[in-house]
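*Asks:* Contents of work.pdb (PDB, C-alpha atoms) are below:
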MODEL        1
ATOM      1  CA  MET Z   1       0.000   0.000   0.000
ATOM      2  CA  LYS Z   2       2.877   2.323   0.820
ATOM      3  CA  ARG Z   3       4.431   1.774  -2.614
ATOM      4  CA  ILE Z   4       1.085   2.362  -4.306
ATOM      5  CA  SER Z   5       0.630   5.602  -2.351
ATOM      6  CA  GLN Z   6       4.106   6.782  -3.322
ATOM      7  CA  LEU Z   7       3.444   5.916  -6.974
ATOM      8  CA  LEU Z   8       0.127   7.799  -6.965
ATOM      9  CA  PHE Z   9       1.818  10.785  -5.313
ATOM     10  CA  LYS Z  10       4.528  10.845  -7.998
ATOM     11  CA  ILE Z  11       1.931  10.608 -10.758
ATOM     12  CA  MET Z  12      -0.072  13.450  -9.208
ATOM     13  CA  MET Z  13       3.033  15.636  -8.842
ATOM     14  CA  THR Z  14       4.028  14.898 -12.442
ATOM     15  CA  ILE Z  15       0.576  15.918 -13.666
ATOM     16  CA  ILE Z  16       0.661  19.125 -11.592
ATOM     17  CA  THR Z  17       4.153  19.933 -12.895
ATOM     18  CA  LEU Z  18       3.054  19.415 -16.492
ATOM     19  CA  ILE Z  19      -0.007  21.636 -15.981
ATOM     20  CA  LEU Z  20       2.120  24.393 -14.440
ATOM     21  CA  LEU Z  21       4.650  24.048 -17.235
ATOM     22  CA  PHE Z  22       1.854  24.348 -19.823
ATOM     23  CA  ILE Z  23       0.462  27.470 -18.126
ATOM     24  CA  ALA Z  24       3.937  29.013 -17.926
ATOM     25  CA  THR Z  25       4.517  28.276 -21.629
ATOM     26  CA  VAL Z  26       1.182  29.844 -22.646
ATOM     27  CA  TYR Z  27       1.908  32.900 -20.502
ATOM     28  CA  THR Z  28       5.418  33.366 -21.907
ATOM     29  CA  VAL Z  29       4.395  32.868 -25.532
ATOM     30  CA  ASN Z  30       1.571  35.387 -25.116
ATOM     31  CA  LEU Z  31       3.900  37.926 -23.498
ATOM     32  CA  VAL Z  32       6.540  37.643 -26.215
ATOM     33  CA  SER Z  33       3.992  37.577 -29.039
ATOM     34  CA  SER Z  34       2.106  40.609 -27.697
ATOM     35  CA  HIS Z  35       5.326  42.607 -27.493
ATOM     36  CA  SER Z  36       6.228  41.655 -31.066
ATOM     37  CA  GLU Z  37       2.737  42.458 -32.370
ATOM     38  CA  GLN Z  38       2.702  45.944 -30.881
ATOM     39  CA  LYS Z  39       5.758  46.777 -33.002
ATOM     40  CA  ARG Z  40       3.791  45.806 -36.134
ATOM     41  CA  LEU Z  41       0.656  47.711 -35.166
ATOM     42  CA  GLU Z  42      -0.041  50.594 -37.549
ATOM     43  CA  ARG Z  43      -1.779  53.701 -36.233
ATOM     44  CA  TYR Z  44      -4.777  55.219 -37.997
ATOM     45  CA  GLY Z  45      -7.211  58.059 -37.384
ATOM     46  CA  GLN Z  46      -6.588  60.839 -34.860
ATOM     47  CA  GLN Z  47      -6.636  61.134 -31.098
ATOM     48  CA  VAL Z  48      -8.966  63.551 -29.314
ATOM     49  CA  SER Z  49      -8.914  64.342 -25.611
ATOM     50  CA  VAL Z  50     -11.992  63.151 -23.716
ATOM     51  CA  ASP Z  51     -12.229  63.161 -19.930
ATOM     52  CA  GLY Z  52      -8.437  63.365 -19.652
ATOM     53  CA  LYS Z  53      -7.865  60.341 -21.892
ATOM     54  CA  GLN Z  54      -7.301  59.791 -25.604
ATOM     55  CA  MET Z  55     -10.130  58.563 -27.838
ATOM     56  CA  ASN Z  56      -9.402  57.496 -31.402
ATOM     57  CA  VAL Z  57     -11.559  58.870 -34.232
ATOM     58  CA  PHE Z  58     -11.313  58.156 -37.961
ATOM     59  CA  MET Z  59     -12.779  60.405 -40.668
ATOM     60  CA  HIS Z  60     -13.025  59.632 -44.374
ATOM     61  CA  GLY Z  61     -14.993  61.125 -47.257
ATOM     62  CA  GLU Z  62     -15.925  64.624 -48.381
ATOM     63  CA  GLY Z  63     -19.720  64.482 -48.595
ATOM     64  CA  LYS Z  64     -21.929  67.318 -47.380
ATOM     65  CA  GLU Z  65     -23.754  65.013 -44.940
ATOM     66  CA  THR Z  66     -21.992  63.262 -42.058
ATOM     67  CA  ILE Z  67     -22.534  59.727 -40.774
ATOM     68  CA  VAL Z  68     -21.196  58.838 -37.323
ATOM     69  CA  LEU Z  69     -20.525  55.103 -36.932
ATOM     70  CA  LEU Z  70     -20.586  53.329 -33.540
ATOM     71  CA  PRO Z  71     -19.425  49.720 -32.994
ATOM     72  CA  GLY Z  72     -20.954  46.637 -31.429
ATOM     73  CA  PHE Z  73     -19.737  45.214 -28.138
ATOM     74  CA  GLY Z  74     -16.188  43.897 -28.153
ATOM     75  CA  THR Z  75     -15.267  45.045 -31.667
ATOM     76  CA  ALA Z  76     -11.473  45.038 -31.593
ATOM     77  CA  SER Z  77     -11.014  47.732 -34.236
ATOM     78  CA  PRO Z  78     -14.182  49.567 -35.270
ATOM     79  CA  VAL Z  79     -12.327  51.440 -38.032
ATOM     80  CA  LEU Z  80     -10.933  48.314 -39.694
ATOM     81  CA  ASP Z  81     -14.051  46.255 -39.012
ATOM     82  CA  PHE Z  82     -16.279  48.834 -40.726
ATOM     83  CA  LYS Z  83     -13.863  49.150 -43.665
ATOM     84  CA  PRO Z  84     -16.145  47.654 -46.400
ATOM     85  CA  LEU Z  85     -19.023  49.894 -45.307
ATOM     86  CA  ILE Z  86     -16.784  52.974 -45.083
ATOM     87  CA  SER Z  87     -15.576  52.300 -48.638
ATOM     88  CA  GLU Z  88     -19.155  52.228 -49.940
ATOM     89  CA  LEU Z  89     -20.306  55.317 -48.023
ATOM     90  CA  SER Z  90     -17.298  57.641 -48.261
ATOM     91  CA  PRO Z  91     -17.861  58.701 -51.921
ATOM     92  CA  TYR Z  92     -21.159  60.263 -50.817
ATOM     93  CA  TYR Z  93     -20.754  61.107 -47.096
ATOM     94  CA  ARG Z  94     -18.187  62.169 -44.568
ATOM     95  CA  VAL Z  95     -17.910  59.022 -42.433
ATOM     96  CA  VAL Z  96     -16.770  59.425 -38.825
ATOM     97  CA  VAL Z  97     -15.955  56.263 -36.867
ATOM     98  CA  ILE Z  98     -15.781  56.602 -33.097
ATOM     99  CA  GLU Z  99     -13.670  54.078 -31.191
ATOM    100  CA  PRO Z 100     -15.027  54.284 -27.613
ATOM    101  CA  PHE Z 101     -12.702  53.758 -24.655
ATOM    102  CA  GLY Z 102     -11.455  50.164 -24.632
ATOM    103  CA  TYR Z 103     -11.897  49.786 -28.403
ATOM    104  CA  GLY Z 104      -9.438  50.044 -31.294
ATOM    105  CA  LEU Z 105      -6.624  52.494 -30.532
ATOM    106  CA  SER Z 106      -8.458  54.371 -27.770
ATOM    107  CA  ASP Z 107      -7.370  54.387 -24.126
ATOM    108  CA  GLN Z 108      -9.071  52.315 -21.481
ATOM    109  CA  THR Z 109     -11.034  53.865 -18.622
ATOM    110  CA  ASP Z 110     -12.058  52.906 -15.088
ATOM    111  CA  LYS Z 111     -15.256  54.963 -15.265
ATOM    112  CA  GLU Z 112     -18.509  53.022 -15.034
ATOM    113  CA  ARG Z 113     -19.754  51.939 -18.469
ATOM    114  CA  SER Z 114     -23.258  53.318 -18.101
ATOM    115  CA  SER Z 115     -25.093  54.504 -21.209
ATOM    116  CA  THR Z 116     -24.863  58.050 -19.874
ATOM    117  CA  HIS Z 117     -21.082  57.985 -19.512
ATOM    118  CA  ILE Z 118     -20.541  56.283 -22.873
ATOM    119  CA  THR Z 119     -22.771  58.694 -24.783
ATOM    120  CA  ASN Z 120     -21.279  61.716 -22.987
ATOM    121  CA  GLU Z 121     -17.815  60.585 -24.079
ATOM    122  CA  ILE Z 122     -18.900  60.081 -27.692
ATOM    123  CA  HIS Z 123     -20.562  63.492 -27.742
ATOM    124  CA  SER Z 124     -17.462  65.145 -26.267
ATOM    125  CA  ALA Z 125     -15.321  63.599 -29.013
ATOM    126  CA  LEU Z 126     -17.637  64.942 -31.716
ATOM    127  CA  GLN Z 127     -17.706  68.384 -30.104
ATOM    128  CA  SER Z 128     -13.900  68.435 -30.071
ATOM    129  CA  LEU Z 129     -13.995  67.909 -33.830
ATOM    130  CA  GLY Z 130     -16.673  70.561 -34.385
ATOM    131  CA  ILE Z 131     -19.195  67.977 -35.616
ATOM    132  CA  ASP Z 132     -22.705  68.987 -34.584
ATOM    133  CA  ARG Z 133     -24.994  67.739 -37.386
ATOM    134  CA  TYR Z 134     -24.990  64.096 -38.449
ATOM    135  CA  MET Z 135     -26.788  60.796 -38.961
ATOM    136  CA  LEU Z 136     -26.043  58.322 -36.173
ATOM    137  CA  MET Z 137     -25.393  54.740 -37.283
ATOM    138  CA  ALA Z 138     -24.920  52.014 -34.676
ATOM    139  CA  HIS Z 139     -24.257  48.294 -34.648
ATOM    140  CA  SER Z 140     -25.512  45.945 -31.924
ATOM    141  CA  ILE Z 141     -25.200  47.325 -28.352
ATOM    142  CA  SER Z 142     -24.432  50.841 -29.599
ATOM    143  CA  GLY Z 143     -28.029  50.971 -30.787
ATOM    144  CA  LEU Z 144     -29.058  50.790 -27.140
ATOM    145  CA  TYR Z 145     -26.706  53.642 -26.239
ATOM    146  CA  SER Z 146     -28.043  55.568 -29.230
ATOM    147  CA  LEU Z 147     -31.515  55.664 -27.664
ATOM    148  CA  ASP Z 148     -30.055  57.630 -24.765
ATOM    149  CA  TYR Z 149     -27.901  59.683 -27.123
ATOM    150  CA  VAL Z 150     -30.700  60.715 -29.462
ATOM    151  CA  ASN Z 151     -33.041  61.698 -26.649
ATOM    152  CA  ARG Z 152     -30.388  64.034 -25.212
ATOM    153  CA  TYR Z 153     -28.949  65.395 -28.450
ATOM    154  CA  ARG Z 154     -31.948  65.305 -30.772
ATOM    155  CA  HIS Z 155     -31.076  68.775 -32.094
ATOM    156  CA  GLU Z 156     -27.861  67.360 -33.563
ATOM    157  CA  VAL Z 157     -28.999  63.968 -34.860
ATOM    158  CA  GLN Z 158     -30.622  64.034 -38.303
ATOM    159  CA  ALA Z 159     -31.496  60.335 -38.434
ATOM    160  CA  PHE Z 160     -30.753  57.004 -36.775
ATOM    161  CA  ILE Z 161     -29.561  54.003 -38.770
ATOM    162  CA  GLY Z 162     -29.455  50.653 -36.985
ATOM    163  CA  LEU Z 163     -27.206  47.772 -37.998
ATOM    164  CA  ASP Z 164     -28.881  44.782 -36.365
ATOM    165  CA  HIS Z 165     -28.853  46.892 -33.214
ATOM    166  CA  SER Z 166     -29.890  45.854 -29.702
ATOM    167  CA  VAL Z 167     -33.393  46.696 -28.506
ATOM    168  CA  PRO Z 168     -34.332  47.247 -24.815
ATOM    169  CA  THR Z 169     -37.006  44.545 -24.759
ATOM    170  CA  LEU Z 170     -34.481  41.825 -25.597
ATOM    171  CA  SER Z 171     -32.142  42.238 -22.653
ATOM    172  CA  GLU Z 172     -28.794  40.556 -22.101
ATOM    173  CA  GLN Z 173     -28.321  38.405 -18.991
ATOM    174  CA  LYS Z 174     -27.037  40.067 -15.848
ATOM    175  CA  VAL Z 175     -23.274  39.845 -15.293
ATOM    176  CA  GLU Z 176     -21.836  40.390 -11.811
ATOM    177  CA  LYS Z 177     -18.373  41.750 -11.090
ATOM    178  CA  SER Z 178     -17.427  38.373  -9.601
ATOM    179  CA  ASP Z 179     -18.260  36.750 -12.956
ATOM    180  CA  ILE Z 180     -15.520  38.612 -14.804
ATOM    181  CA  MET Z 181     -12.647  37.681 -12.451
ATOM    182  CA  PRO Z 182     -12.063  34.229 -14.031
ATOM    183  CA  ILE Z 183     -12.089  35.907 -17.472
ATOM    184  CA  GLN Z 184      -9.406  38.356 -16.316
ATOM    185  CA  TRP Z 185      -7.228  35.462 -15.142
ATOM    186  CA  PHE Z 186      -7.908  33.647 -18.421
ATOM    187  CA  ARG Z 187      -6.761  36.751 -20.349
ATOM    188  CA  ASN Z 188      -3.783  37.604 -18.134
ATOM    189  CA  LEU Z 189      -2.380  34.074 -18.379
ATOM    190  CA  GLY Z 190      -2.559  34.243 -22.172
ATOM    191  CA  PHE Z 191      -5.336  31.737 -22.815
ATOM    192  CA  ALA Z 192      -7.344  34.224 -24.870
ATOM    193  CA  ARG Z 193      -4.670  33.784 -27.555
ATOM    194  CA  VAL Z 194      -5.148  30.016 -27.407
ATOM    195  CA  GLN Z 195      -8.904  30.486 -27.713
ATOM    196  CA  LEU Z 196      -8.451  32.582 -30.849
ATOM    197  CA  LYS Z 197      -6.183  29.921 -32.368
ATOM    198  CA  LEU Z 198      -8.978  27.374 -31.970
ATOM    199  CA  THR Z 199     -11.775  29.522 -33.468
ATOM    200  CA  ALA Z 200     -12.592  30.181 -37.107
ATOM    201  CA  ASP Z 201     -11.480  33.391 -38.824
ATOM    202  CA  PRO Z 202     -14.540  35.719 -38.738
ATOM    203  CA  TYR Z 203     -13.237  37.598 -41.804
ATOM    204  CA  GLU Z 204     -12.658  34.575 -44.019
ATOM    205  CA  GLY Z 205     -14.238  35.040 -47.445
ATOM    206  CA  LEU Z 206     -15.237  38.653 -46.762
ATOM    207  CA  PRO Z 207     -14.000  41.806 -48.568
ATOM    208  CA  TYR Z 208     -11.005  42.504 -46.309
ATOM    209  CA  ASP Z 209      -7.470  42.651 -47.705
ATOM    210  CA  GLU Z 210      -4.675  40.677 -46.050
ATOM    211  CA  LYS Z 211      -3.080  43.773 -44.504
ATOM    212  CA  SER Z 212      -6.345  44.779 -42.836
ATOM    213  CA  LYS Z 213      -6.888  41.239 -41.544
ATOM    214  CA  GLU Z 214      -3.376  41.164 -40.105
ATOM    215  CA  GLN Z 215      -3.959  44.427 -38.252
ATOM    216  CA  LEU Z 216      -7.412  43.277 -37.127
ATOM    217  CA  ASN Z 217      -5.927  40.115 -35.648
ATOM    218  CA  ILE Z 218      -3.306  42.131 -33.771
ATOM    219  CA  LEU Z 219      -5.993  44.380 -32.282
ATOM    220  CA  ILE Z 220      -8.252  41.427 -31.461
ATOM    221  CA  ARG Z 221      -5.468  39.925 -29.365
ATOM    222  CA  LYS Z 222      -4.681  43.333 -27.847
ATOM    223  CA  ASN Z 223      -8.241  44.279 -26.820
ATOM    224  CA  MET Z 224      -9.947  40.948 -26.187
ATOM    225  CA  TYR Z 225     -11.411  40.840 -22.649
ATOM    226  CA  ASN Z 226      -9.786  44.118 -21.601
ATOM    227  CA  ASN Z 227     -11.034  45.625 -18.336
ATOM    228  CA  THR Z 228     -13.011  48.426 -19.976
ATOM    229  CA  GLN Z 229     -15.014  45.980 -22.082
ATOM    230  CA  LEU Z 230     -15.536  43.625 -19.132
ATOM    231  CA  ASN Z 231     -16.848  46.549 -17.080
ATOM    232  CA  GLU Z 232     -19.175  47.339 -19.972
ATOM    233  CA  ALA Z 233     -20.504  43.775 -19.773
ATOM    234  CA  VAL Z 234     -21.191  44.270 -16.051
ATOM    235  CA  SER Z 235     -23.156  47.478 -16.773
ATOM    236  CA  MET Z 236     -25.050  46.018 -19.720
ATOM    237  CA  TYR Z 237     -28.086  44.693 -17.849
ATOM    238  CA  SER Z 238     -28.744  47.997 -16.075
ATOM    239  CA  ASN Z 239     -28.274  49.833 -19.383
ATOM    240  CA  PHE Z 240     -30.980  47.654 -20.948
ATOM    241  CA  GLN Z 241     -33.329  48.352 -18.051
ATOM    242  CA  ALA Z 242     -32.766  52.116 -18.293
ATOM    243  CA  ALA Z 243     -33.391  52.065 -22.045
ATOM    244  CA  LYS Z 244     -36.846  50.527 -21.574
ATOM    245  CA  GLN Z 245     -38.064  53.992 -20.578
ATOM    246  CA  LEU Z 246     -36.934  55.483 -23.906
ATOM    247  CA  THR Z 247     -38.306  55.589 -27.449
ATOM    248  CA  TRP Z 248     -37.130  57.141 -30.701
ATOM    249  CA  PRO Z 249     -38.525  60.671 -31.093
ATOM    250  CA  ALA Z 250     -41.547  60.393 -33.399
ATOM    251  CA  ASP Z 251     -40.146  62.927 -35.877
ATOM    252  CA  LEU Z 252     -36.718  61.263 -36.115
ATOM    253  CA  PRO Z 253     -36.105  59.419 -39.416
ATOM    254  CA  VAL Z 254     -35.182  55.828 -38.510
ATOM    255  CA  LEU Z 255     -33.780  53.187 -40.883
ATOM    256  CA  LEU Z 256     -33.138  49.699 -39.504
ATOM    257  CA  PHE Z 257     -31.124  46.920 -41.138
ATOM    258  CA  VAL Z 258     -32.013  43.642 -39.432
ATOM    259  CA  GLN Z 259     -31.007  40.035 -39.990
ATOM    260  CA  LYS Z 260     -34.042  38.185 -41.277
ATOM    261  CA  ASN Z 261     -33.503  34.934 -39.388
ATOM    262  CA  HIS Z 262     -31.905  35.303 -35.968
ATOM    263  CA  PRO Z 263     -30.427  31.915 -34.964
ATOM    264  CA  VAL Z 264     -31.654  32.141 -31.348
ATOM    265  CA  VAL Z 265     -34.079  35.030 -30.739
ATOM    266  CA  HIS Z 266     -37.318  34.381 -32.632
ATOM    267  CA  GLU Z 267     -38.733  37.810 -31.682
ATOM    268  CA  TRP Z 268     -35.772  39.669 -33.165
ATOM    269  CA  VAL Z 269     -37.574  41.079 -36.220
ATOM    270  CA  THR Z 270     -40.858  41.606 -34.346
ATOM    271  CA  GLU Z 271     -39.218  43.711 -31.625
ATOM    272  CA  HIS Z 272     -37.351  45.826 -34.154
ATOM    273  CA  LYS Z 273     -40.588  46.513 -35.999
ATOM    274  CA  ARG Z 274     -42.237  47.443 -32.713
ATOM    275  CA  GLN Z 275     -39.495  50.003 -32.042
ATOM    276  CA  ILE Z 276     -40.529  52.101 -35.044
ATOM    277  CA  GLN Z 277     -44.290  51.627 -34.916
ATOM    278  CA  HIS Z 278     -44.798  55.235 -33.748
ATOM    279  CA  SER Z 279     -42.120  56.766 -35.975
ATOM    280  CA  GLU Z 280     -43.273  59.126 -38.692
ATOM    281  CA  TYR Z 281     -40.306  58.112 -40.881
ATOM    282  CA  GLY Z 282     -39.492  54.532 -39.845
ATOM    283  CA  LYS Z 283     -38.338  51.816 -42.241
ATOM    284  CA  ILE Z 284     -36.936  48.321 -41.755
ATOM    285  CA  VAL Z 285     -34.812  46.352 -44.255
ATOM    286  CA  LEU Z 286     -34.482  42.603 -43.680
ATOM    287  CA  LEU Z 287     -31.271  40.975 -44.867
ATOM    288  CA  GLU Z 288     -30.241  37.350 -45.339
ATOM    289  CA  ALA Z 289     -27.146  37.806 -43.195
ATOM    290  CA  ASN Z 290     -25.707  37.219 -39.746
ATOM    291  CA  HIS Z 291     -25.344  39.762 -36.942
ATOM    292  CA  TYR Z 292     -22.366  41.417 -38.691
ATOM    293  CA  LEU Z 293     -24.443  42.166 -41.779
ATOM    294  CA  TYR Z 294     -22.389  45.246 -42.727
ATOM    295  CA  ARG Z 295     -19.396  43.009 -43.467
ATOM    296  CA  SER Z 296     -21.196  41.066 -46.174
ATOM    297  CA  HIS Z 297     -23.889  43.531 -47.356
ATOM    298  CA  SER Z 298     -22.067  46.860 -47.343
ATOM    299  CA  LEU Z 299     -23.077  47.824 -50.910
ATOM    300  CA  GLU Z 300     -26.758  47.093 -50.317
ATOM    301  CA  ILE Z 301     -26.723  48.983 -47.021
ATOM    302  CA  ALA Z 302     -25.023  52.024 -48.570
ATOM    303  CA  THR Z 303     -27.511  52.056 -51.449
ATOM    304  CA  LYS Z 304     -30.503  51.943 -49.091
ATOM    305  CA  ILE Z 305     -29.011  54.715 -46.943
ATOM    306  CA  LYS Z 306     -28.622  56.996 -49.982
ATOM    307  CA  GLU Z 307     -32.245  56.376 -50.951
ATOM    308  CA  PHE Z 308     -33.471  56.954 -47.399
ATOM    309  CA  ALA Z 309     -31.393  60.072 -46.746
ATOM    310  CA  GLY Z 310     -32.297  61.524 -50.131
ATOM    311  CA  SER Z 311     -35.998  61.316 -49.356
ATOM    312  CA  ARG Z 312     -35.954  62.230 -45.646
ATOM    313  CA  LEU Z 313     -33.198  64.778 -45.047
TER     314      LEU Z 313
ENDMDL
END
Show me this structure written as structure tokens.
*Replies:*
Amino acid sequence: MKRISQLLFKIMMTIITLILLFIATVYTVNLVSSHSEQKRLERYGQQVSVDGKQMNVFMHGEGKETIVLLPGFGTASPVLDFKPLISELSPYYRVVVIEPFGYGLSDQTDKERSSTHITNEIHSALQSLGIDRYMLMAHSISGLYSLDYVNRYRHEVQAFIGLDHSVPTLSEQKVEKSDIMPIQWFRNLGFARVQLKLTADPYEGLPYDEKSKEQLNILIRKNMYNNTQLNEAVSMYSNFQAAKQLTWPADLPVLLFVQKNHPVVHEWVTEHKRQIQHSEYGKIVLLEANHYLYRSHSLEIATKIKEFAGSRL
């Protein structure tokens, strides 16, 4: 029995040693790779000062009308991710992409990620650039923040354009601060890089050049699970609850692009239609696409926007 116990102890210690060695290897590889990647990262856009920190903003196009683009949750590089859509819109509009704190090349922040704080920061960035008249276009969770934004800055917003945006009646699950601690450990030890190695390329087969995809992958690894985005996840449930009290102003032109067949939420189209039922200028366009419909349907979206803006603005 003593020999068996000693053998089991040695096996257990060997297994523990191998696990620790694997963790140390993952951590070291991630550290070295991250350092190397930051040297290859190419800057874009311009930095504006917001709340004592630097927020990255990208502007392209010379059109008379301005479209301000806001990203969905966790988008590593809004500017590069929106690239196909920017290319289609920029011949006709001035396109302004905001990279909120924790996204793209913007700084992180410890400030609570409430809708109020996020929209205040976006508005401050636009004010710094002297932009005070524009159409607001938002993907996913930014559509929820846009409800708050439009109701406070209606005099500036000419129209709202939703890209499969979140609606208050279809709330995300509540995330507690204690829930994000394991994710922080997972990220800090370098396992987020392993996770990305095991997942499919989200840009495969889409109109992104190799250089853009390389830079996107660098920024995905840089920003994935950062503290600002994790804090945003913690605030998400309360942001949904607060948005339930809001509606689009009746006189605001609203154009919604929505995926026709949501893989999980059967009420997805119904709830989007309900959001514009009292709008004087509300229109919904259903697309055979996934949640990131602007990646695959940028030309169709740009065409519909030109038609809509031409008739409503």
*Asks:* Which residues are close to Z:Leu189, i.e. within 12 Å by only C-alpha atoms, leaving aside same-chain residues fewer than 5 positions away? Reply as a list in words.
*Replies:*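 Skipping anything fewer than 5 positions along the chain leaves Leu20, Phe22, Ile23, Ala24, Thr25, Val26, Tyr27, Thr28, Val29, Asn30, Leu31, Pro182, Ile183, Gln184, Val194 and Gln195 of chain Z.
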*Asks:* Residues at most 12 Å from stretch 257-262 of chain Z, counting only C-alpha atoms, excluding those fewer than 3 positions away in the same chain, as number ranges by chain?
*Replies:* Z: 137-140, 143, 160-167, 254, 265-273, 282-294, 296-298, 300-302, 304-305
*Asks:* For the file shown, what are the residues hit by the PyMOL selection byres ((chain Z and resi 120) around 12), laid out as number ranges by chain?
*Replies:* Z: 50-51, 100-101, 111, 113-119, 121-127, 145-146, 148-150, 152-153
*Asks:* Would you place a box with edges along x, y and z of the file around all atoms of stretch 136-146 of chain Z listed there, add 8 Å to each of its six sides, and report the centre and edge lengths in Å to one decimal, as lines of an AutoDock Vina configuration file?
*Replies:*
center_x = -26.7
center_y = 52.1
center_z = -31.8
size_x = 20.8
size_y = 28.4
size_z = 27.0
*Asks:* Return as a ChimeraX atom specification the set of residues that the PyMOL selection byres ((chain Z and resi 238) around 12) yields on the displayed structure.
*Replies:* /Z:112-116,144-145,168,171-176,232-237,239-245
*Asks:* In Å to one decimal, how far is atom CA of Z:Asn56 from atom CA of Z:Gly74?
*Replies:*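 That distance, rounded to one decimal, is 15.5 Å.
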*Asks:* Run through the PyMOL selection byres ((chain Z and resi 128-134) around 8) on the given coordinates and return the selected residues as a PDB file with C-alpha atoms, in the frame of the given file.
*Replies:*
ATOM      1  CA  VAL Z  48      -8.966  63.551 -29.314  1.00  0.00           C
ATOM      2  CA  SER Z  49      -8.914  64.342 -25.611  1.00  0.00           C
ATOM      3  CA  GLU Z  65     -23.754  65.013 -44.940  1.00  0.00           C
ATOM      4  CA  THR Z  66     -21.992  63.262 -42.058  1.00  0.00           C
ATOM      5  CA  ILE Z  67     -22.534  59.727 -40.774  1.00  0.00           C
ATOM      6  CA  VAL Z  68     -21.196  58.838 -37.323  1.00  0.00           C
ATOM      7  CA  SER Z 124     -17.462  65.145 -26.267  1.00  0.00           C
ATOM      8  CA  ALA Z 125     -15.321  63.599 -29.013  1.00  0.00           C
ATOM      9  CA  LEU Z 126     -17.637  64.942 -31.716  1.00  0.00           C
ATOM     10  CA  GLN Z 127     -17.706  68.384 -30.104  1.00  0.00           C
ATOM     11  CA  MET Z 135     -26.788  60.796 -38.961  1.00  0.00           C
ATOM     12  CA  LEU Z 136     -26.043  58.322 -36.173  1.00  0.00           C
ATOM     13  CA  GLU Z 156     -27.861  67.360 -33.563  1.00  0.00           C
ATOM     14  CA  VAL Z 157     -28.999  63.968 -34.860  1.00  0.00           C
ATOM     15  CA  GLN Z 158     -30.622  64.034 -38.303  1.00  0.00           C
ATOM     16  CA  ALA Z 159     -31.496  60.335 -38.434  1.00  0.00           C
TER      17      ALA Z 159
END
*Asks:* Give me, please, the distance in Å between atom CA of Z:Pro249 and atom CA of Z:Met59, quoted to one decimal.
*Replies:*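 Computed distance, atom CA of Z:Pro249 to atom CA of Z:Met59, equals 27.5 Å.
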*Asks:* Report, in Å to a single decimal, how far apart atom CA of Z:Asp107 and atom CA of Z:Lys53 are.
*Replies:*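 Taking atom CA of Z:Lys53 and atom CA of Z:Asp107, their separation equals 6.4 Å.
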*Asks:* Give me the residues within 9 Å of Z:Lys83 as a PDB file with C-alpha atoms, keeping the file's coordinate frame, counting only C-alpha atoms and dropping any in the same chain fewer than 5 places off.
*Replies:*
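This is the output file out.pdb:
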ATOM      1  CA  PRO Z  78     -14.182  49.567 -35.270  1.00  0.00           C
ATOM      2  CA  GLU Z  88     -19.155  52.228 -49.940  1.00  0.00           C
ATOM      3  CA  PRO Z 207     -14.000  41.806 -48.568  1.00  0.00           C
ATOM      4  CA  TYR Z 208     -11.005  42.504 -46.309  1.00  0.00           C
ATOM      5  CA  SER Z 212      -6.345  44.779 -42.836  1.00  0.00           C
ATOM      6  CA  ARG Z 295     -19.396  43.009 -43.467  1.00  0.00           C
TER       7      ARG Z 295
END
*Asks:* Pick from Z:Thr14, Z:Phe308, Z:Asn226, Z:Leu80: nearest to Z:Lys211, with all atoms listed in the file counted?
*Replies:* Z:Leu80
*Asks:* Got a sec to check which residues sit within 7 Å of (-9.3, 45.1, -30.1), counting all atoms listed in the file, and write them as a CSV table (one decimal) with C-alpha atoms, in the frame of the given file?
*Replies:*
chain,number,residue,atom,x,y,z
Z,75,THR,CA,-15.3,45.0,-31.7
Z,76,ALA,CA,-11.5,45.0,-31.6
Z,77,SER,CA,-11.0,47.7,-34.2
Z,103,TYR,CA,-11.9,49.8,-28.4
Z,104,GLY,CA,-9.4,50.0,-31.3
Z,219,LEU,CA,-6.0,44.4,-32.3
Z,220,ILE,CA,-8.3,41.4,-31.5
Z,221,ARG,CA,-5.5,39.9,-29.4
Z,222,LYS,CA,-4.7,43.3,-27.8
Z,223,ASN,CA,-8.2,44.3,-26.8
Z,224,MET,CA,-9.9,40.9,-26.2
*Asks:* Just want the 9 Å neighbourhood of Z:Asn227, counted on all atoms listed in the file, with same-chain residues fewer than 6 positions away dropped. Output as an MDAnalysis selection string.
*Replies:* chainID Z and resid 102 108:110 184
*Asks:* Export C-alpha atoms of the chosen residues as a PDB file, in the frame of the given file?
*Replies:*
ATOM      1  CA  GLY Z 102     -11.455  50.164 -24.632  1.00  0.00           C
ATOM      2  CA  GLN Z 108      -9.071  52.315 -21.481  1.00  0.00           C
ATOM      3  CA  THR Z 109     -11.034  53.865 -18.622  1.00  0.00           C
ATOM      4  CA  ASP Z 110     -12.058  52.906 -15.088  1.00  0.00           C
ATOM      5  CA  GLN Z 184      -9.406  38.356 -16.316  1.00  0.00           C
TER       6      GLN Z 184
END
*Asks:* Using all atoms listed in the file, which residue out of Z:Gly190, Z:Gly63, Z:Pro84, Z:Gly72 lies closest to Z:Ser33?
*Replies:*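 For Z:Ser33, the nearest of the candidates is Z:Gly190.
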*Asks:* Select, from Z:Arg43, Z:Lys197, Z:His35, Z:Lys64, the residue with the minimum atom-to-atom distance to Z:Tyr92, counting only C-alpha atoms.
*Replies:*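 Residue with the minimum atom-to-atom distance to Z:Tyr92: Z:Lys64.
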*Asks:* Residues near Z:Phe58, anyone? I mean within 9 Å using all atoms listed in the file, not counting same-chain ones fewer than 3 positions away, as a list in words.
*Replies:*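 With the cut-off at 9 Å, the set is Tyr44, Gly45, Gln46, Gln47, Val79, Val95, Val96, Val97, Ile98 and Glu99 of chain Z.
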*Asks:* Compare Z:Thr303, Z:Thr169, Z:Phe73, Z:Tyr225 by their minimum atom-to-atom distance to Z:Trp185, counting all atoms listed in the file, and give me the closest one.
*Replies:*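 Comparing Z:Thr303, Z:Thr169, Z:Phe73, Z:Tyr225 against Z:Trp185, the winner is Z:Tyr225.
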